[in-house]
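To start, the structure itself, in structure tokens.
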Amino acid sequence: MRKLNLIRGIVVLGVALAFTKADVALAEENAKNTSDNNSQGVVCDGVFFENENIGGKTKEQVEEVINTYLTQVQAKTITIKADSKDITYKLGDFDFQLEDNNYADTAINLGRKGNLISRYKDVTDAKNGKKLIKAGFAYDTEKLKTVTESNCKEGETKMKEPTLSFEGSSPVVTPGVNGIEIDAGDALTKVTEKIKDKNWDKSNITVEAKTKVTKPTIDESSLKECTSVLGEFSTNYSGSDAGRNKNIERATALVNGTCVKPGEEFSILSKIRPFTYKNGYRDADSYQGDKIVKAIGGGICQVSTTLYNAVLKAEFDNSGITRRCHSGEVHYVKESFDAMIADGSSDFKFKNTYSTPIYIKSVAGGGVVKFTIYGKETRDPSRKVSFENAVQDLGGGKKTAQLYKVVTVNGSTTRTKINESRYSPKTSE
């Protein structure tokens with residue numbers, strides 16, 4: 001034990017010898033000056049908080065400097081570059097705060113607390129411009145994740161196909177829009193790396209995130225060629241009640257303006273659902289089995305039927321057409337020309353078997369619903385097409401009907417069966 005005490009004494013003596021009388025005198029003088037400043041409650045000269053000299057400032061003034069600095073840092077932006085988009089938010093959006101709340105006390109106490117040697121070193125460093133208080137920061141990592149993901153989601157763009165409309169007989173093409181999907185995880189990793197970088201000077205942050213770009217599949221130039229009427233058909237609904245009129249006009253409006261890509265299948269139900277009052281439908285007569293009952297959306301089968309006949313005239317491949325007949329005859333077309341739809345059980349579909357897009361224009365008003373299918377005409381001008389049905393009366397109000405397509409080209413005629421339908425008498429509840 002005596003030996004250990006002896007060693008300690010030698011070390012203390014060495015330090016004391018190294019610290020000369022002149023140093024002691026200077027330290028005591030600095031301590032006195034600091035003590036005088038302390039009585040005034042100000043920071044000793046030469047102390048910096050980040051880049052601002054806070055020497056001679058009171059604790060309240062230092063706190064004001066610190067708060068101003070924090071506000072400026074919180075206002076710094078994070079910009080995520082994603083393809084052609086810039087997504088920007090602020091550091092303050094995820095609780096970016098000072099790590100220590102006692103920086104003002106630290107500044108005030110420099111040169112005042114600790115032993116004589118440490119006090120001397122603090123004051124000397126300050127006089128030499130070397131006493132710098134660096135701010136540390138903390139933030140809510142979960143909030144940063146949430147804010148980044150949310151901003152990336154809002155910054156995404158949904159792909160839009162170019163669309164075709166008509167001003168009179170002139171086609172007007174609205175350009176498509178690229179879809180942009182942003183890798184929020186990649187963006188978060190890069191932002192976090194920037195914030196944790198020891199060399200970050202608290203300036204604005206910019207990172208480039210990975211993106212997935214989806215381009216439109218319809219060629220704008222091919223849409224401009226869709227000026228020929230491939231098929232057209234209209235039916236009359238002038239004898240309908242107000243509810244049925246409303247349903248026909250609403251469903252027709254929902255289909256209008258549809259572009260169908262080459263090889264794409266069109267489903268009328270996917271366009272006109274849901275059958276709700278909120279979606280503009282009303283109660284009207286509708287088939288339910290062999291019975292006619294009041295149902296919301298009653299009458300929309302006239303819409304699908306009218307479209308079916310326009311599709312027939314456009315001559316899409318019959319193998320791509322899905323169609324069912326009504327259980328009973330309808331008044332607006334002959335047997336086998338109808339196309340029944342019912343939510344959940346029966347849909348009218350067709351596939352665009354042309355090599356170019358087609359455009360569906362539909363309008364209902366004044367008791368007439370009309371569908372026109374536009375596209376690029378590729379059929380022989382001499383080709384003549386007609387449709388005829390063959391009906392057999394089975395007795396008791398029951399019938400069967402076959403629909404035939406008759407095509408004549410250069411004097412040669414073919415007759416092809418398109419569908420077969422069965423009908424029963426209709427009754428009311």
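Labels used: A, B, ... for chains in the order of the structure tokens, numbers from 1 for residues in each chain, and numbers from 1 for ligands as shown.
Every protein or nucleic acid residue with an atom no more than 10 Å from A:Val368, counting only C-alpha atoms and leaving out same-chain residues fewer than 3 positions away, appears here: A:Ser234, A:Thr235, A:Asn236, A:Tyr237, A:Ser238, A:Asn245, A:Ile248, A:Glu249, A:Val363, A:Ala364, A:Gly365.
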Can you tell me, as a PDB file with N, CA and C atoms, in the first residue's frame, what residues are no more than 8 Å from A:Lys417 when counting only C-alpha atoms, ignoring any on the same chain fewer than 3 positions away?
```
ATOM      1  N   GLN A 402     -82.070 -19.371 -83.581  1.00  0.00           N
ATOM      2  CA  GLN A 402     -80.668 -19.437 -83.959  1.00  0.00           C
ATOM      3  C   GLN A 402     -80.317 -18.155 -84.731  1.00  0.00           C
ATOM      4  N   LEU A 403     -79.149 -17.626 -84.429  1.00  0.00           N
ATOM      5  CA  LEU A 403     -78.686 -16.429 -85.127  1.00  0.00           C
ATOM      6  C   LEU A 403     -77.585 -16.831 -86.106  1.00  0.00           C
ATOM      7  N   TYR A 404     -77.709 -16.360 -87.346  1.00  0.00           N
ATOM      8  CA  TYR A 404     -76.743 -16.685 -88.393  1.00  0.00           C
ATOM      9  C   TYR A 404     -76.115 -15.408 -88.947  1.00  0.00           C
ATOM     10  N   LYS A 405     -74.845 -15.523 -89.249  1.00  0.00           N
ATOM     11  CA  LYS A 405     -74.114 -14.436 -89.889  1.00  0.00           C
ATOM     12  C   LYS A 405     -73.926 -14.811 -91.361  1.00  0.00           C
TER      13      LYS A 405
END
```
With only C-alpha atoms as the atoms that count, which of A:Ala75, A:Asp45, A:Phe371, A:Glu64 lies nearest to A:Ser203?
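For A:Ser203, the nearest of the candidates is A:Ala75.
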Residue with smallest distance to A:Lys85 - pool A:Lys160, A:Glu193, A:Glu50, A:Thr211, counting only C-alpha atoms
A:Thr211
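Residues in contact with A:Lys210 at up to 9 Å, not including ones fewer than 2 positions away on its chain and judged by only C-alpha atoms, are Lys81, Ala82, Asp83, Glu181, Ile182, Asp183, Ala184, Asp186, Ala187, Glu208 and Lys212 of chain A.
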When distances are computed from only C-alpha atoms, which of A:Arg383, A:His331, A:Arg273, A:Lys291 shows the smallest separation from A:Gly344?
A:Arg273
Go ahead and compute the interatomic distance for atom CA of A:Leu394 and atom CA of A:Leu312, in Å to one decimal.
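Computing it gives 26.9 Å between the two atoms.
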Given the choices A:Glu167, A:Ala401, A:Thr157, A:Lys198, which gets closest to A:Val213 if the distance is worked out from only C-alpha atoms?
A:Thr157
Separation of atom CA of A:Pro175 from atom CA of A:Lys351, in Å and rounded to one decimal
23.9 Å
